[in-house]
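Novice: Before I ask anything, let me first share the structure, which is written out below as structure tokens.
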Amino acid sequence: MPELPEVETVKRILAPQLCGRRIERVNIKNAQVIAHPDAESFADLLTGKTITGMGRRGKFLRVELADGSCLCLHLRMTGRLLVTPTDFPEEKHTHLIAELSGGKQLRYIDVRRFGRFWYLKKDETDVFTGMSQLGIEPDDPLLTADYLRTKIANKKKAIKEMLHDQSIVAGIGNIYSDEILFDAAIYPEKKCCELTADEWNRLAESIPKTIAWGIETDAMTPEEYLAGKGKEYRNTPDLKAYGSAGKPCVRCGTVMEKITVGGRSSCFCPACQRM
DNA sequence: CTAGCTTCCTGATAGC
DNA sequence: TGCTATCAGGAAGCTA
């Protein structure tokens with residue numbers, strides 16, 4: 001379940017391995033992962049293009065190409081993007097292999113096939129990916145208590161659910177919403193319209209802090225990444241809230257609990273995060 | 001407009 | 001051992 005920090009890790013590891021390489025050939029083994037345009041055009045359009053850079057927006061990755069066009073992708077639940085030598089063993093659930101100059105391959109592996117690729121021509125209006133609907137990045141200086149209040153303080157939905165809304169702040173999923181709410185000491189099921197001024201302030205502080213912490217602790221070498229360290233996307237022992245039900249709270253020792261909020265599992269400390 | 005449910009998928013795990 | 005049921009969750013699509 002890659003969220004913003006894991007996608008950022010992928011970008012940082014792959015960018016230096018991809019920049020300057022030419023896409024020689026594209027082998028789409030499962031057309032299902034190509035969202036736009038059709039698989040055949042997608043392969044044709046990419047062939048011959050040179051990669052000039054990589055970017056990230058929310059949980060989306062962008063592979064920038066020399067003519068100003070762009071390969072966008074979303075890893076969703078189980079997607080993995082690898083740069084491998086040509087003779088690297090092919091994993092099960094490999095859906096796309098792009099041959100690159102210099103004897104490398106760009107491979108997409110995705111057990112559950114929820115991930116998607118889009119090819120966008122230069123200046124093509126992006127009405128396909130959903131990227132244009134994204135809210136601000138967690139490290140945007142515009143992310144303040146006032147910003148959050150203006151966007152969601154009138155909502156009756158649980159704050160945990162609103163954190164998952166990519167049009168407010170981009171990049172937060174179920175793992176980091178648990179971590180953010182634990183850090184901010186807010187009960188996950190608390191309604192947005194019932195948050196106090198203090199809670200808005202703590203939330204605005206915890207979002208960038210927790211995401212930056214995630215990026216930092218997720219760092220690994222390209223070798224570790226290729227060897228599969230990134231496979232599970234997160235070392236759960238690093239996390240303080242997500243997956244910690246039944247364990248003592250790292251702040252106060254109270255046994256952590258698990259509830260369901262908006263259909264998502266949610267771990268919290270009943271003493272630190274009071275209703 | 002929103003709330004709530006279903007869909008897409010496979011693999012790990014729980015229970016019998 | 002071997003079967004079935006449940007859960008994991010990002011985001012879109014659907015209904016009421």
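If you're wondering about the labels, chains in the structure tokens are A, B, ... by order shown, residues count from 1 in each chain, ligands from 1 in order shown.
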Counting only C-alpha atoms (C1' of nucleotides), what are the residues of chain C within 12 Å of chain A, and for each of them which pair of atoms is the nearest and at what distance in Å, to one decimal? Sort the table by chain and rising number, as JSON lines.
Specialist:
```
{"residue": "C:DC7", "atom": "C1'", "partner": "A:Ser265", "partner_atom": "CA", "distance": 10.0}
{"residue": "C:DA8", "atom": "C1'", "partner": "A:Met1", "partner_atom": "CA", "distance": 9.2}
{"residue": "C:DG9", "atom": "C1'", "partner": "A:Met77", "partner_atom": "CA", "distance": 6.9}
{"residue": "C:DG10", "atom": "C1'", "partner": "A:Arg76", "partner_atom": "CA", "distance": 5.3}
{"residue": "C:DA11", "atom": "C1'", "partner": "A:Arg76", "partner_atom": "CA", "distance": 8.3}
{"residue": "C:DA12", "atom": "C1'", "partner": "A:Gly130", "partner_atom": "CA", "distance": 10.3}
```
Novice: Those residues with N, CA and C atoms (P, O5', C5', C4', C3', O3' and C1' of nucleotides), as a compact mmCIF listing (two decimals), in the first residue's frame please?
Specialist:
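Wrote result17.txt, looks like this:
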```txt
# COMPACT_ATOMS: atom_id res chain seq x y z
P DC C 7 -13.98 -9.64 7.91
O5' DC C 7 -12.52 -9.06 7.59
C5' DC C 7 -11.39 -9.59 8.29
C4' DC C 7 -10.14 -9.23 7.53
C3' DC C 7 -10.10 -7.76 7.08
O3' DC C 7 -9.01 -7.13 7.72
C1' DC C 7 -9.42 -9.26 5.33
P DA C 8 -8.97 -5.55 7.84
O5' DA C 8 -7.90 -5.18 6.71
C5' DA C 8 -6.56 -5.63 6.85
C4' DA C 8 -5.86 -5.45 5.53
C3' DA C 8 -6.22 -4.14 4.81
O3' DA C 8 -5.36 -3.10 5.25
C1' DA C 8 -6.07 -6.02 3.31
P DG C 9 -5.97 -1.75 5.68
O5' DG C 9 -6.10 -0.98 4.30
C5' DG C 9 -4.91 -0.66 3.56
C4' DG C 9 -5.32 -0.24 2.18
C3' DG C 9 -6.28 0.98 2.16
O3' DG C 9 -5.95 1.77 1.05
C1' DG C 9 -7.25 -0.80 1.04
P DG C 10 -5.26 3.16 1.28
O5' DG C 10 -5.27 3.71 -0.21
C5' DG C 10 -4.21 3.40 -1.11
C4' DG C 10 -4.65 3.76 -2.51
C3' DG C 10 -5.45 5.05 -2.61
O3' DG C 10 -5.03 5.72 -3.79
C1' DG C 10 -6.78 3.23 -3.35
P DA C 11 -5.57 7.17 -4.11
O5' DA C 11 -6.87 6.93 -4.99
C5' DA C 11 -6.71 6.37 -6.27
C4' DA C 11 -8.06 6.00 -6.81
C3' DA C 11 -9.10 7.13 -6.81
O3' DA C 11 -9.63 7.16 -8.11
C1' DA C 11 -10.04 5.16 -6.01
P DA C 12 -10.31 8.47 -8.71
O5' DA C 12 -11.33 7.80 -9.75
C5' DA C 12 -10.96 6.63 -10.44
C4' DA C 12 -12.15 5.71 -10.59
C3' DA C 12 -13.44 6.44 -10.99
O3' DA C 12 -14.02 5.75 -12.07
C1' DA C 12 -13.83 5.06 -9.12
```
Novice: Which residues of chain A come within 8 Å of chain B, and what is each one's closest atom pair and distance in Å (one decimal), counting only C-alpha atoms (C1' of nucleotides), sorted by chain and residue number, as CSV?
Specialist:
```
residue,atom,partner,partner_atom,distance
A:Val111,CA,B:DT10,C1',6.1
A:Arg112,CA,B:DC9,C1',4.3
A:Arg113,CA,B:DC9,C1',6.2
A:Phe114,CA,B:DC8,C1',6.8
```
Novice: Quick check, in Å to one decimal: how far apart do CA of Tyr108 (chain A) and CA of His93 (chain A) lie?
Specialist: 8.5 Å
Novice: Which value, in Å to one decimal, gives the distance between CA of Leu120 (chain A) and CA of Leu71 (chain A)?
Specialist: 6.3 Å
Novice: Step one, run DSSP on the backbone; step two, keep only residues of region 56-250 of chain A assigned to strand (DSSP E); then write them as a PyMOL selection string.
Specialist: chain A and resi 56-57+60-65+70-74+79-85+94-100+104-110+116-120
Novice: With only C-alpha atoms (C1' of nucleotides) as the counted atoms, please give the residues lying no more than 8 Å from Gly262 (chain A), apart from itself and same-chain residues fewer than 2 positions off, as a JSON list (two decimals) with N, CA and C atoms, in the first residue's frame.
Specialist:
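That gives us around-v4.json:
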```json
[["chain", "number", "residue", "atom", "x", "y", "z"],
["A", 158, "ALA", "N", -15.98, 11.61, 9.55],
["A", 158, "ALA", "CA", -14.87, 11.41, 10.48],
["A", 158, "ALA", "C", -13.60, 12.03, 9.89],
["A", 161, "GLU", "N", -11.49, 9.84, 7.66],
["A", 161, "GLU", "CA", -11.95, 9.71, 6.28],
["A", 161, "GLU", "C", -11.56, 10.92, 5.44],
["A", 260, "THR", "N", -13.19, 0.33, 13.08],
["A", 260, "THR", "CA", -13.36, 0.53, 11.64],
["A", 260, "THR", "C", -13.96, 1.92, 11.42],
["A", 264, "ARG", "N", -12.38, 1.36, 6.86],
["A", 264, "ARG", "CA", -10.94, 1.15, 6.95],
["A", 264, "ARG", "C", -10.53, 0.84, 8.39]]
```
Novice: From region 27-79 of chain A, collect each residue whose DSSP state is helix (DSSP H, G or I) and return the set as a tab-separated table (two decimals) with N, CA and C atoms, in the first residue's frame.
Specialist:
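Written output follows (states.tsv):
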```
chain	number	residue	atom	x	y	z
A	31	ALA	N	-2.71	-5.66	-20.91
A	31	ALA	CA	-3.23	-4.37	-21.37
A	31	ALA	C	-4.11	-3.68	-20.32
A	32	GLN	N	-4.54	-4.46	-19.35
A	32	GLN	CA	-5.40	-3.96	-18.29
A	32	GLN	C	-4.78	-2.78	-17.52
A	33	VAL	N	-3.46	-2.77	-17.44
A	33	VAL	CA	-2.80	-1.73	-16.63
A	33	VAL	C	-2.65	-0.41	-17.40
A	39	ALA	N	-3.59	0.28	-25.35
A	39	ALA	CA	-2.28	-0.33	-25.12
A	39	ALA	C	-1.34	-0.21	-26.33
A	40	GLU	N	-1.88	-0.41	-27.52
A	40	GLU	CA	-1.05	-0.38	-28.72
A	40	GLU	C	-0.47	1.02	-28.96
A	41	SER	N	-1.33	2.03	-28.88
A	41	SER	CA	-0.87	3.41	-29.05
A	41	SER	C	0.12	3.78	-27.96
A	42	PHE	N	-0.15	3.33	-26.75
A	42	PHE	CA	0.71	3.60	-25.60
A	42	PHE	C	2.13	3.13	-25.88
A	43	ALA	N	2.25	1.90	-26.37
A	43	ALA	CA	3.57	1.33	-26.67
A	43	ALA	C	4.24	2.09	-27.82
A	44	ASP	N	3.47	2.39	-28.86
A	44	ASP	CA	4.01	3.11	-30.02
A	44	ASP	C	4.52	4.50	-29.62
A	45	LEU	N	3.71	5.19	-28.83
A	45	LEU	CA	4.05	6.57	-28.46
A	45	LEU	C	5.29	6.64	-27.58
A	46	LEU	N	5.50	5.62	-26.75
A	46	LEU	CA	6.65	5.65	-25.84
A	46	LEU	C	7.95	5.26	-26.53
```
Novice: Please indicate the distance in Å from CA of Thr52 (chain A) to CA of Arg21 (chain A), rounded to one decimal place.
Specialist: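 Taking CA of Thr52 (chain A) as the start and CA of Arg21 (chain A) as the end point, the length is 8.0 Å.
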